[in-house]
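For reference, input22.txt (compact mmCIF, C-alpha atoms and all ligand atoms):
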```txt
# COMPACT_ATOMS: atom_id res chain seq x y z
CA MET A 720 15.93 14.05 3.23
CA THR A 721 17.28 14.15 -0.30
CA ALA A 722 15.10 16.10 -2.69
CA ALA A 723 14.75 15.34 -6.36
CA PRO A 724 18.04 15.63 -8.20
CA GLY A 725 18.33 18.37 -10.75
CA TRP A 726 17.22 21.17 -8.42
CA ALA A 727 19.55 23.50 -6.60
CA GLY A 728 19.66 26.25 -3.98
CA ALA A 729 16.48 27.91 -2.86
CA ASP A 730 14.51 25.89 -5.38
CA GLN A 731 15.79 22.73 -3.71
CA ILE A 732 14.36 23.78 -0.34
CA ALA A 733 11.00 24.68 -1.87
CA VAL A 734 10.87 21.37 -3.71
CA ARG A 735 11.84 19.45 -0.58
CA GLU A 736 8.99 21.04 1.37
CA ALA A 737 6.54 20.38 -1.42
CA VAL A 738 7.65 16.74 -1.67
CA GLU A 739 7.29 16.33 2.09
CA ALA A 740 3.77 17.75 1.92
CA TYR A 741 2.89 15.62 -1.10
CA VAL A 742 4.12 12.37 0.44
CA HIS A 743 3.05 12.81 4.04
CA GLY A 744 0.04 15.10 3.73
CA GLY A 745 -3.48 14.62 2.47
CA PRO A 746 -6.64 16.52 1.54
CA GLY A 747 -8.64 18.34 4.21
CA ASP A 748 -5.48 19.31 6.11
CA GLY A 749 -4.54 15.65 6.32
CA ALA A 750 -7.32 14.83 8.78
CA THR A 751 -7.96 11.40 7.27
CA VAL A 752 -4.25 10.58 7.18
CA ARG A 753 -4.16 11.17 10.94
CA ALA A 754 -7.52 9.47 11.53
CA ASN A 755 -6.21 6.23 10.02
CA VAL A 756 -3.34 6.18 12.53
CA ALA A 757 -5.57 7.18 15.44
CA ALA A 758 -8.15 4.50 14.65
CA TRP A 759 -5.63 1.67 15.03
CA GLU A 760 -4.27 3.28 18.20
CA SER A 761 -7.75 3.50 19.71
CA LEU A 762 -8.36 -0.22 19.36
CA PRO A 763 -7.32 -1.79 22.68
CA LEU A 764 -5.31 -4.99 22.56
CA ARG A 765 -6.33 -7.80 24.92
CA PRO A 766 -3.11 -9.77 25.41
CA ARG A 767 -3.28 -13.39 26.48
CA VAL A 768 -0.88 -14.68 29.15
CA LEU A 769 0.10 -18.10 30.50
CA ARG A 770 0.46 -19.33 26.89
CA ASP A 771 3.49 -21.00 25.40
CA VAL A 772 5.06 -18.46 23.05
CA THR A 773 8.30 -20.35 22.48
CA HIS A 774 7.62 -21.30 18.89
CA VAL A 775 7.07 -18.18 16.77
CA ASP A 776 5.86 -18.72 13.19
CA THR A 777 4.70 -15.60 11.39
CA ALA A 778 5.56 -16.18 7.71
CA ILE A 779 2.94 -15.90 4.97
CA ASP A 780 2.61 -17.04 1.34
CA LEU A 781 0.28 -14.92 -0.73
CA LEU A 782 -0.19 -14.99 -4.52
CA GLY A 783 3.44 -15.68 -5.29
CA LEU A 784 4.91 -13.64 -2.44
CA ARG A 785 6.54 -14.93 0.72
CA ALA A 786 7.15 -12.70 3.73
CA PRO A 787 8.54 -13.28 7.23
CA VAL A 788 5.56 -11.38 8.68
CA PRO A 789 2.25 -10.43 7.03
CA LEU A 790 3.54 -7.08 5.78
CA LEU A 791 4.12 -5.73 2.26
CA ALA A 792 5.42 -2.38 1.04
CA ALA A 793 2.47 -0.46 -0.46
CA PRO A 794 2.69 0.99 -3.98
CA TRP A 795 3.53 4.68 -3.95
CA ALA A 796 4.43 6.83 -6.90
CA GLY A 797 7.74 8.51 -7.63
CA HIS A 798 10.34 7.21 -5.18
CA GLN A 799 12.92 9.43 -6.91
CA LEU A 800 11.07 12.39 -5.48
CA VAL A 801 12.61 11.52 -2.11
CA HIS A 802 15.83 9.73 -3.10
CA PRO A 803 17.87 9.76 -6.31
CA ASP A 804 18.06 5.93 -6.40
CA GLY A 805 14.28 5.76 -6.20
CA GLU A 806 12.51 2.41 -6.47
CA VAL A 807 15.80 0.56 -7.03
CA ALA A 808 16.94 1.53 -3.52
CA SER A 809 13.58 0.57 -2.04
CA ALA A 810 13.63 -2.78 -3.84
CA LYS A 811 17.16 -3.54 -2.61
CA GLY A 812 16.41 -2.62 0.99
CA LEU A 813 13.17 -4.58 1.10
CA ALA A 814 14.66 -7.63 -0.64
CA SER A 815 17.59 -7.72 1.84
CA ALA A 816 15.10 -7.99 4.68
CA GLY A 817 12.79 -10.36 2.78
CA LEU A 818 9.79 -8.04 2.59
CA PRO A 819 7.86 -7.96 -0.70
CA MET A 820 7.18 -4.79 -2.64
CA VAL A 821 4.12 -3.71 -4.54
CA GLN A 822 5.43 -1.58 -7.38
CA SER A 823 3.46 1.54 -8.31
CA ALA A 824 2.26 2.20 -11.86
CA GLY A 825 3.60 5.70 -11.21
CA SER A 826 7.13 4.47 -10.62
CA SER A 827 10.05 6.77 -11.38
CA VAL A 828 12.04 3.75 -12.61
CA PRO A 829 10.77 1.24 -15.23
CA VAL A 830 9.33 -1.97 -13.79
CA ALA A 831 12.08 -4.21 -15.23
CA ASP A 832 14.84 -2.11 -13.62
CA VAL A 833 13.16 -2.36 -10.23
CA ALA A 834 12.43 -6.06 -10.65
CA ALA A 835 16.13 -6.71 -11.28
CA HIS A 836 16.79 -5.74 -7.65
CA SER A 837 13.61 -6.94 -6.00
CA GLY A 838 12.31 -10.27 -4.80
CA PRO A 839 8.93 -11.47 -6.10
CA PHE A 840 6.60 -8.48 -6.46
CA TRP A 841 3.08 -7.40 -7.34
CA GLN A 842 2.45 -4.68 -9.91
CA GLN A 843 -0.10 -1.95 -9.16
CA VAL A 844 -2.13 -0.68 -12.12
CA TYR A 845 -4.16 2.42 -12.89
CA VAL A 846 -6.55 1.76 -15.78
CA PRO A 847 -6.97 4.86 -17.98
CA ASP A 848 -9.96 5.76 -20.21
CA ASP A 849 -8.15 4.32 -23.20
CA ARG A 850 -7.45 0.79 -21.97
CA THR A 851 -4.95 0.16 -24.78
CA LEU A 852 -2.52 2.73 -23.35
CA ILE A 853 -1.41 0.31 -20.64
CA HIS A 854 -1.01 -2.80 -22.81
CA GLY A 855 2.74 -2.33 -23.26
CA PHE A 856 3.16 -1.65 -19.55
CA LEU A 857 1.19 -4.79 -18.61
CA ASP A 858 3.29 -6.90 -20.96
CA ARG A 859 6.48 -5.52 -19.40
CA ALA A 860 5.19 -6.18 -15.88
CA VAL A 861 4.41 -9.80 -16.80
CA ALA A 862 7.82 -10.20 -18.47
CA ALA A 863 9.53 -8.72 -15.39
CA GLY A 864 7.92 -11.41 -13.25
CA ALA A 865 5.03 -9.74 -11.41
CA THR A 866 3.11 -12.50 -9.61
CA ALA A 867 -0.14 -10.49 -9.35
CA LEU A 868 -1.65 -7.20 -10.44
CA VAL A 869 -3.10 -4.73 -7.96
CA LEU A 870 -5.94 -2.74 -9.52
CA THR A 871 -6.45 0.54 -7.65
CA VAL A 872 -10.14 1.44 -7.74
CA ASP A 873 -10.36 4.53 -5.51
CA HIS A 874 -8.95 6.99 -8.03
CA PRO A 875 -11.75 8.17 -10.41
CA ALA A 876 -10.49 11.69 -9.76
CA VAL A 877 -7.19 12.91 -8.38
CA GLY A 878 -7.46 13.52 -4.64
CA ASN A 879 -6.70 17.03 -3.53
CA THR A 880 -3.26 16.14 -2.16
CA LEU A 881 -2.03 19.66 -2.46
CA PRO A 882 -1.69 21.78 -5.54
CA PHE A 883 1.72 20.12 -5.69
CA ARG A 884 0.23 16.93 -6.98
CA ALA A 885 -0.87 18.70 -10.13
CA GLY A 886 2.68 19.96 -10.38
CA LEU A 887 4.29 16.52 -10.22
CA ALA A 888 4.94 16.74 -13.93
CA ARG A 889 7.28 19.68 -13.29
CA LEU A 890 9.70 17.35 -11.58
CA ALA A 891 11.20 15.96 -14.73
CA PRO A 892 14.61 14.38 -15.08
CA SER A 893 16.78 15.32 -18.03
CA ASP A 894 14.80 13.32 -20.58
CA GLY A 895 11.79 15.53 -19.85
CA ARG A 896 9.56 12.73 -18.59
CA PRO A 897 7.84 13.25 -15.25
CA ARG A 898 9.12 11.16 -12.36
CA VAL A 899 5.89 9.19 -12.24
CA ALA A 900 5.80 8.15 -15.90
CA ALA A 901 8.83 5.88 -16.31
CA ASN A 902 6.57 2.91 -17.00
CA PHE A 903 5.01 4.54 -20.04
CA PRO A 904 7.83 5.33 -22.47
CA ASP A 905 5.58 4.23 -25.34
CA VAL A 906 2.85 6.75 -24.45
CA ALA A 907 3.25 10.27 -25.85
CA PRO A 908 4.15 12.79 -23.10
CA GLY A 909 1.08 14.68 -21.95
CA THR A 910 -1.38 11.87 -22.79
CA PRO A 911 -3.88 11.65 -19.92
CA LEU A 912 -3.14 8.51 -17.90
CA GLY A 913 -5.63 9.21 -15.10
CA THR A 914 -7.93 6.45 -13.93
CA ALA A 915 -10.99 5.77 -16.08
CA THR A 916 -14.19 7.26 -14.69
CA ASP A 917 -16.09 4.21 -15.94
CA LEU A 918 -13.88 1.67 -14.19
CA GLY A 919 -15.98 -1.40 -13.42
CA PRO A 920 -16.00 -5.10 -12.57
CA ARG A 921 -15.26 -5.91 -16.24
CA ASP A 922 -11.83 -4.31 -15.81
CA VAL A 923 -10.91 -6.96 -13.25
CA GLU A 924 -11.76 -9.67 -15.79
CA ARG A 925 -9.99 -7.86 -18.64
CA LEU A 926 -6.75 -7.45 -16.69
CA ALA A 927 -6.77 -11.10 -15.64
CA ALA A 928 -7.51 -12.24 -19.20
CA ARG A 929 -4.81 -10.06 -20.76
CA THR A 930 -2.04 -11.01 -18.32
CA GLY A 931 -3.03 -14.39 -16.89
CA LEU A 932 -2.23 -12.95 -13.45
CA PRO A 933 -4.42 -12.87 -10.34
CA VAL A 934 -5.93 -9.41 -9.80
CA VAL A 935 -6.00 -7.87 -6.34
CA VAL A 936 -8.57 -5.05 -5.97
CA LYS A 937 -7.24 -2.16 -3.85
CA GLY A 938 -9.36 0.61 -2.39
CA VAL A 939 -12.49 -1.10 -1.06
CA LEU A 940 -14.21 0.26 2.08
CA ARG A 941 -17.69 -1.30 1.96
CA ALA A 942 -19.29 -4.76 2.12
CA ASP A 943 -21.24 -4.29 -1.14
CA ASP A 944 -18.15 -3.25 -3.10
CA ALA A 945 -16.18 -6.13 -1.64
CA ARG A 946 -18.84 -8.56 -2.87
CA THR A 947 -18.76 -6.94 -6.32
CA ALA A 948 -14.97 -7.29 -6.46
CA VAL A 949 -15.06 -10.95 -5.46
CA ALA A 950 -17.84 -11.69 -7.95
CA ALA A 951 -15.71 -10.04 -10.67
CA GLY A 952 -12.92 -12.50 -9.92
CA ALA A 953 -10.69 -10.55 -7.54
CA ALA A 954 -8.02 -12.82 -6.06
CA ALA A 955 -7.79 -10.61 -2.96
CA VAL A 956 -9.23 -7.35 -1.71
CA VAL A 957 -7.31 -4.48 -0.09
CA VAL A 958 -9.28 -2.34 2.36
CA SER A 959 -7.76 1.07 1.72
CA ASN A 960 -8.64 4.75 1.61
CA HIS A 961 -5.40 5.43 -0.26
CA GLY A 962 -3.68 6.49 2.94
CA GLY A 963 -6.30 9.22 3.44
CA ARG A 964 -5.19 10.90 0.19
CA GLN A 965 -8.31 10.58 -1.93
CA LEU A 966 -11.63 11.44 -0.23
CA ALA A 967 -11.14 13.58 2.86
CA GLY A 968 -13.36 12.30 5.65
CA SER A 969 -13.61 8.77 4.30
CA VAL A 970 -14.07 6.02 6.89
CA THR A 971 -10.80 4.87 8.43
CA THR A 972 -9.55 1.49 7.33
CA ALA A 973 -9.59 0.07 10.87
CA HIS A 974 -13.32 0.84 11.02
CA ALA A 975 -14.04 -0.48 7.50
CA LEU A 976 -12.09 -3.72 7.79
CA PRO A 977 -14.54 -5.87 9.82
CA GLU A 978 -17.44 -5.16 7.44
CA VAL A 979 -15.35 -6.17 4.42
CA VAL A 980 -13.99 -9.29 6.13
CA ASP A 981 -17.53 -10.39 6.97
CA ALA A 982 -18.78 -9.73 3.43
CA VAL A 983 -15.92 -11.62 1.81
CA GLY A 984 -16.53 -14.52 4.16
CA GLY A 985 -13.13 -16.15 3.62
CA ARG A 986 -13.57 -16.57 -0.16
CA VAL A 987 -10.39 -14.54 -0.84
CA PRO A 988 -7.80 -12.95 1.44
CA VAL A 989 -8.51 -9.44 2.71
CA LEU A 990 -5.58 -7.05 3.17
CA VAL A 991 -5.59 -3.59 4.67
CA ASP A 992 -3.48 -0.43 4.60
CA GLY A 993 -3.58 3.13 5.94
CA GLY A 994 -1.98 4.27 9.17
CA ILE A 995 -0.24 0.99 10.02
CA ARG A 996 2.85 2.18 11.87
CA ARG A 997 3.97 -0.51 14.31
CA GLY A 998 3.80 -4.17 15.18
CA GLU A 999 0.79 -3.66 17.43
CA ASP A 1000 -1.16 -2.21 14.48
CA VAL A 1001 -0.40 -5.32 12.45
CA VAL A 1002 -1.76 -7.50 15.27
CA ARG A 1003 -4.89 -5.34 15.42
CA ALA A 1004 -5.44 -5.72 11.67
CA LEU A 1005 -4.90 -9.48 11.79
CA ALA A 1006 -7.26 -9.74 14.77
CA LEU A 1007 -9.96 -7.98 12.72
CA GLY A 1008 -9.52 -10.56 9.98
CA ALA A 1009 -6.86 -9.19 7.63
CA ARG A 1010 -4.48 -11.74 6.09
CA ALA A 1011 -1.76 -9.11 5.68
CA VAL A 1012 -1.15 -5.36 5.78
CA LEU A 1013 0.66 -2.82 3.62
CA ALA A 1014 2.66 0.21 4.73
CA GLY A 1015 3.24 3.26 2.54
CA ARG A 1016 4.66 6.37 4.17
CA PRO A 1017 6.97 4.56 6.61
CA VAL A 1018 8.88 3.23 3.58
CA ALA A 1019 8.96 6.71 2.05
CA ARG A 1020 10.40 8.11 5.27
CA ALA A 1021 13.03 5.36 5.51
CA LEU A 1022 14.04 5.80 1.86
CA ALA A 1023 14.34 9.56 2.20
CA ASP A 1024 16.41 9.27 5.36
CA GLY A 1025 18.73 6.42 4.43
CA GLY A 1026 18.28 5.07 0.89
CA ALA A 1027 18.48 1.29 0.49
CA ASP A 1028 20.13 0.89 3.91
CA GLY A 1029 17.43 2.98 5.53
CA VAL A 1030 14.70 0.87 3.98
CA GLU A 1031 16.44 -2.35 5.03
CA ARG A 1032 16.83 -1.07 8.60
CA TRP A 1033 13.16 -0.08 8.74
CA ALA A 1034 12.10 -3.45 7.34
CA ARG A 1035 14.21 -5.48 9.79
CA GLU A 1036 13.07 -3.43 12.78
CA THR A 1037 9.44 -3.67 11.74
CA ILE A 1038 9.61 -7.44 11.22
CA GLU A 1039 10.96 -7.77 14.77
CA ASP A 1040 8.32 -5.36 16.04
CA VAL A 1041 5.52 -7.47 14.56
CA ARG A 1042 6.94 -10.69 15.97
CA ARG A 1043 7.40 -9.13 19.41
CA ALA A 1044 3.84 -7.77 19.42
CA LEU A 1045 2.45 -11.21 18.56
CA VAL A 1046 4.48 -12.83 21.34
CA LEU A 1047 3.38 -10.16 23.83
CA CYS A 1048 -0.21 -10.86 22.79
CA GLY A 1049 0.23 -14.57 23.49
CA ALA A 1050 -0.29 -15.35 19.80
CA PRO A 1051 3.03 -16.53 18.40
CA THR A 1052 1.55 -18.06 15.23
CA LEU A 1053 -0.79 -16.47 12.72
CA ASP A 1054 -3.32 -19.27 13.21
CA SER A 1055 -3.60 -18.33 16.87
CA VAL A 1056 -4.62 -14.73 16.14
CA GLY A 1057 -8.34 -14.15 16.66
CA ARG A 1058 -10.82 -11.36 17.22
CA ASP A 1059 -10.54 -11.89 20.97
CA LEU A 1060 -7.18 -10.06 20.80
CA VAL A 1061 -8.90 -6.67 20.36
CA GLY A 1062 -11.64 -4.93 22.29
CA ASP A 1063 -14.06 -2.34 20.95
CA PHE A 1064 -12.84 1.00 19.70
CA LEU A 1065 -12.30 3.36 22.61
CA GLY A 1066 -15.21 5.72 22.67
CA SER A 1067 -17.61 3.19 21.19
CA PRO A 1068 -20.15 1.81 23.60
CA VAL A 1069 -18.68 -1.45 24.92
CA THR A 1070 -21.14 -4.30 24.67
CA ALA A 1071 -19.24 -7.51 25.32
CA TYR A 1072 -15.77 -8.49 24.35
CA PRO A 1073 -15.57 -10.97 21.49
CA GLY A 1074 -15.03 -14.40 22.96
CA GLU A 1075 -17.24 -13.53 25.94
CA ARG A 1076 -20.48 -13.24 24.02
C1 LIG B 1101 3.30 9.50 -1.88
C2 LIG B 1101 2.27 8.44 -2.08
C3 LIG B 1101 2.01 8.00 -3.37
C4 LIG B 1101 1.08 6.98 -3.58
N1 LIG B 1101 0.91 6.49 -4.84
C5 LIG B 1101 0.09 5.43 -5.03
C6 LIG B 1101 0.01 4.81 -6.30
O1 LIG B 1101 0.71 5.17 -7.24
N2 LIG B 1101 -0.85 3.78 -6.44
C7 LIG B 1101 -1.63 3.31 -5.40
O2 LIG B 1101 -2.40 2.37 -5.57
N3 LIG B 1101 -1.54 3.86 -4.18
C8 LIG B 1101 -0.69 4.89 -3.98
N4 LIG B 1101 -0.57 5.41 -2.71
C9 LIG B 1101 -1.34 4.82 -1.60
C10 LIG B 1101 -0.59 3.65 -0.94
O3 LIG B 1101 -0.54 2.52 -1.78
C11 LIG B 1101 -1.25 3.20 0.36
O4 LIG B 1101 -2.61 2.93 0.13
C12 LIG B 1101 -1.12 4.22 1.50
O5 LIG B 1101 0.12 4.88 1.45
C13 LIG B 1101 -1.27 3.49 2.84
O6 LIG B 1101 -1.28 4.40 3.88
P1 LIG B 1101 0.02 4.76 4.78
O7 LIG B 1101 0.87 5.65 3.95
O8 LIG B 1101 -0.60 5.45 5.95
O9 LIG B 1101 0.69 3.46 5.14
C14 LIG B 1101 0.35 6.43 -2.48
C15 LIG B 1101 0.64 6.89 -1.19
C16 LIG B 1101 1.58 7.86 -0.97
C17 LIG B 1101 1.88 8.30 0.44
C1 LIG B 1102 0.67 8.63 -10.83
C2 LIG B 1102 0.46 9.48 -9.62
C3 LIG B 1102 -0.56 8.89 -8.68
C4 LIG B 1102 -0.01 8.85 -7.31
C5 LIG B 1102 -0.99 8.50 -6.23
O1 LIG B 1102 -1.74 7.58 -6.31
C6 LIG B 1102 -0.98 9.31 -5.01
O2 LIG B 1102 -0.32 10.36 -4.98
O3 LIG B 1102 -1.65 8.93 -4.05
```

Once you've parsed the file, please lay out its structure as structure tokens.
Ligand SMILES: Cc1cc2nc3c(=O)[nH]c(=O)nc-3n(C[C@H](O)[C@H](O)[C@H](O)COP(=O)(O)O)c2cc1C
Ligand SMILES: CCCCC(=O)C(=O)O
Amino acid sequence: MTAAPGWAGADQIAVREAVEAYVHGGPGDGATVRANVAAWESLPLRPRVLRDVTHVDTAIDLLGLRAPVPLLAAPWAGHQLVHPDGEVASAKGLASAGLPMVQSAGSSVPVADVAAHSGPFWQQVYVPDDRTLIHGFLDRAVAAGATALVLTVDHPAVGNTLPFRAGLARLAPSDGRPRVAANFPDVAPGTPLGTATDLGPRDVERLAARTGLPVVVKGVLRADDARTAVAAGAAAVVVSNHGGRQLAGSVTTAHALPEVVDAVGGRVPVLVDGGIRRGEDVVRALALGARAVLAGRPVARALADGGADGVERWARETIEDVRRALVLCGAPTLDSVGRDLVGDFLGSPVTAYPGER
């Protein structure tokens, strides 16, 4: 894996290890990162057979994005931490395979530079205490062609993702700006850009009013919060625990998804991320009612290992993996995916399988 440029020798090794821990770890020894993965794995698939799976149609259209399978690249900060070409390489690799990218507010490359190499994209936003600090950034995201904003709501404090996270600012390229602040050239270095502690439903309305874009609310784990988000005008909801990086011990997203899907009741699409690693996990998420999923760390791994080519390879293989899993489940179209495709979580008392009630 390529560490951040500008570091050499022993420092380089230390930085590489710290970056690895920052990207792939999480608070509480990473227990919730692992729990997300394990939760999907523990959900048994119930494949159908004797069905015609000749015609496979898995493409989705969602708020200006089109994808060959219901999968987007999740927003994650500082791609240059793992590869010198950063978000530009990720955008190229994803665009070549046709997968959409959600750009992080904490990008190491300005939004317009990434957009020049990407297909249609959504822009993730952190709203700081002083709402005016992101006005310039929002205007640039709109000008660069973002088709929706993704408001991250699970970040009222910085999760304890290692002391390293506090040290992100140390990793500064030659212009002295941290690798997660490229989108804020108009904000004085050192100005706190953390998420507002009074973030509320009004922020959903404000963002929509300022930009004219649909606002996707990311980081919901409960029915009541999902209803609040929809009432505030959310165009979609993402069930997410931030990849297990914020609150250690938070419910896994596989367990939270059904409650949110039921609460939203089809009014807006529900997406999910956290621990999605293979095609079978995508089928599980769709079966529980998600319209699409996002993947974070797999893209980080692919970028670190192979730059734009690595990301493209990962994207192509994963698209095929999703399509194969759907075919093996006897559900070659998204319309044919239903809750009957999954059983109860292993270890939960089995009552009746859906479809047999
Ligand atoms: C290194 C890293 C940085 C992240 N930065 C952001 C961010 O800037 N904004 C955001 O909304 N989510 C961020 N996330 C969370 C992801 O969007 C996503 O919720 C999570 O990675 C999904 O879990 P997975 O990595 O298991 O797929 C970050 C995740 C990682 C691993
Ligand atoms: C701007 C840095 C925030 C990154 C983030 O959200 C994460 O590390 O999970």

(message) What does the list of residues within 8 Å of ligand LIG 1102 (chain B) look like if you count only C-alpha atoms and all ligand atoms, written as a ChimeraX atom specification?
(response) /A:741-742,795-797,824-826,874,877-878,880,884,899-900,913,961-962,964-965

(request) Identify which of the residues A:Ala740, A:Val935, A:Val1018, A:Ala907 lies closest to Gln842 (chain A), counting all atoms listed in the file when measuring atom-to-atom distances. (result)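 Closest to Gln842 (chain A) of all the choices is A:Val935.
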
(request) For CA of Ala1021 (chain A) and CA of Asp780 (chain A), quote the distance in Å rounded to one decimal. (result)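 One can read the CA of Ala1021 (chain A) to CA of Asp780 (chain A) distance as 25.1 Å.
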
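Taking CA of Ala1014 (chain A) as the reference point, CA of Arg996 (chain A) is found at 7.4 Å.
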
Wanna dump the chain A-ligand LIG 1101 (chain B) contacts at 9 Å for me, each residue with its shortest atom pair and the distance in Å to one decimal, counting all atoms listed in the file, ordered by chain and number, as a tab-separated table?
```
residue	atom	partner	partner_atom	distance
A:Val738	CA	B:LIG1101	C1	8.4
A:Glu739	CA	B:LIG1101	C1	8.9
A:Tyr741	CA	B:LIG1101	C1	6.2
A:Val742	CA	B:LIG1101	C1	3.8
A:His743	CA	B:LIG1101	C17	5.9
A:Gly744	CA	B:LIG1101	C17	7.8
A:Gly745	CA	B:LIG1101	C17	8.5
A:Val752	CA	B:LIG1101	O8	6.4
A:Arg753	CA	B:LIG1101	O8	8.4
A:Asn755	CA	B:LIG1101	O8	7.0
A:Val756	CA	B:LIG1101	O8	7.2
A:Ala792	CA	B:LIG1101	O3	8.2
A:Ala793	CA	B:LIG1101	O3	4.4
A:Pro794	CA	B:LIG1101	O3	4.2
A:Trp795	CA	B:LIG1101	N1	3.3
A:Ala796	CA	B:LIG1101	O1	4.1
A:Gly797	CA	B:LIG1101	C3	7.2
A:His798	CA	B:LIG1101	C1	8.1
A:Val821	CA	B:LIG1101	O3	8.3
A:Gln822	CA	B:LIG1101	O1	8.2
A:Ser823	CA	B:LIG1101	O1	4.7
A:Ala824	CA	B:LIG1101	O1	5.7
A:Gly825	CA	B:LIG1101	O1	4.9
A:Ser826	CA	B:LIG1101	O1	7.3
A:Gln843	CA	B:LIG1101	O2	6.1
A:Val844	CA	B:LIG1101	O2	7.2
A:Tyr845	CA	B:LIG1101	N2	7.4
A:Val869	CA	B:LIG1101	O2	7.5
A:Leu870	CA	B:LIG1101	O2	7.4
A:Thr871	CA	B:LIG1101	O2	4.9
A:Val872	CA	B:LIG1101	O2	8.1
A:Asp873	CA	B:LIG1101	O2	8.2
A:His874	CA	B:LIG1101	O2	8.4
A:Val899	CA	B:LIG1101	O1	8.2
A:Lys937	CA	B:LIG1101	O2	6.8
A:Gly938	CA	B:LIG1101	O4	7.6
A:Val957	CA	B:LIG1101	O4	8.8
A:Val958	CA	B:LIG1101	O4	8.8
A:Ser959	CA	B:LIG1101	O4	5.7
A:Asn960	CA	B:LIG1101	O4	6.5
A:His961	CA	B:LIG1101	O4	3.8
A:Gly962	CA	B:LIG1101	O6	3.3
A:Gly963	CA	B:LIG1101	O6	7.0
A:Arg964	CA	B:LIG1101	C15	7.2
A:Val991	CA	B:LIG1101	O4	8.5
A:Asp992	CA	B:LIG1101	C13	4.8
A:Gly993	CA	B:LIG1101	O6	3.3
A:Gly994	CA	B:LIG1101	O8	3.7
A:Ile995	CA	B:LIG1101	O9	5.5
A:Arg996	CA	B:LIG1101	O9	7.2
A:Leu1013	CA	B:LIG1101	O9	6.5
A:Ala1014	CA	B:LIG1101	O9	3.8
A:Gly1015	CA	B:LIG1101	O9	3.6
A:Arg1016	CA	B:LIG1101	O7	3.9
A:Pro1017	CA	B:LIG1101	O9	6.5
A:Val1018	CA	B:LIG1101	O9	8.3
A:Ala1019	CA	B:LIG1101	C17	7.4
```

(request) In Å, rounded to a single decimal, give me how far CA of Leu1065 (chain A) is from CA of Val989 (chain A). (result)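 If I compute the distance from CA of Val989 (chain A) to CA of Leu1065 (chain A), I get 24.0 Å.
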
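If all atoms listed in the file are the atoms counted, then among A:Phe1064, A:Phe840, A:Phe903, A:Trp759 the closest residue to Gly817 (chain A) is A:Phe840.
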
(message) I want to know what sits within 8 Å of Pro789 (chain A), based on only C-alpha atoms, with residues of the same chain fewer than 5 positions away left out; could you give that as a list in words?
(response)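 In the requested format, the answer is Thr777, Ala778, Ile779, Val1001, Arg1010, Ala1011 and Val1012 of chain A.
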
(request) Rank A:Ala750, A:Ala733, A:Leu852, A:Val1046 by their smallest atom-to-atom distance to Val906 (chain A), using all atoms listed in the file, and report the top residue only. (result) A:Leu852

(request) Rank nothing, just name the residue among A:Lys811, A:Arg1043, A:Arg946, A:Arg1020 nearest to Pro920 (chain A), using only C-alpha atoms. (result) A:Arg946

(request) Go through A:Gly968, A:Gly783, A:Gly855, A:Gly1062 and flag the residue nearest Arg1003 (chain A), using only C-alpha atoms for the distances. (result)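 Nearest candidate to Arg1003 (chain A) out of A:Gly968, A:Gly783, A:Gly855, A:Gly1062: A:Gly1062.
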
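With only C-alpha atoms taken into account, the protein and nucleic acid residues at most 10 Å from Asp771 (chain A) (excluding it and anything under 4 positions from it in its own chain) are Val775, Val1046, Gly1049, Ala1050 and Pro1051 of chain A.
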
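Distances to Ala737 (chain A) were evaluated for A:Leu932, A:Leu800, A:Val772, A:Val970 using all atoms listed in the file, and the minimum falls at A:Leu800.
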
(message) Can you tell me which residues surround Ala953 (chain A) at a distance of at most 7 Å, considering only C-alpha atoms, apart from same-chain residues fewer than 5 positions away, and format the answer as a list in words?
(response)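 The filter keeps Val923, Val934, Val935, Val936 and Ala948 of chain A.
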
(message) When you look at Gln799 (chain A) with a cut-off of 7 Å (counting all atoms listed in the file), what residues show up, excluding the ones that are within fewer than 3 positions of it in the same chain? I need them as a PyMOL selection string.
(response) chain A and resi 723+802-805+827+898
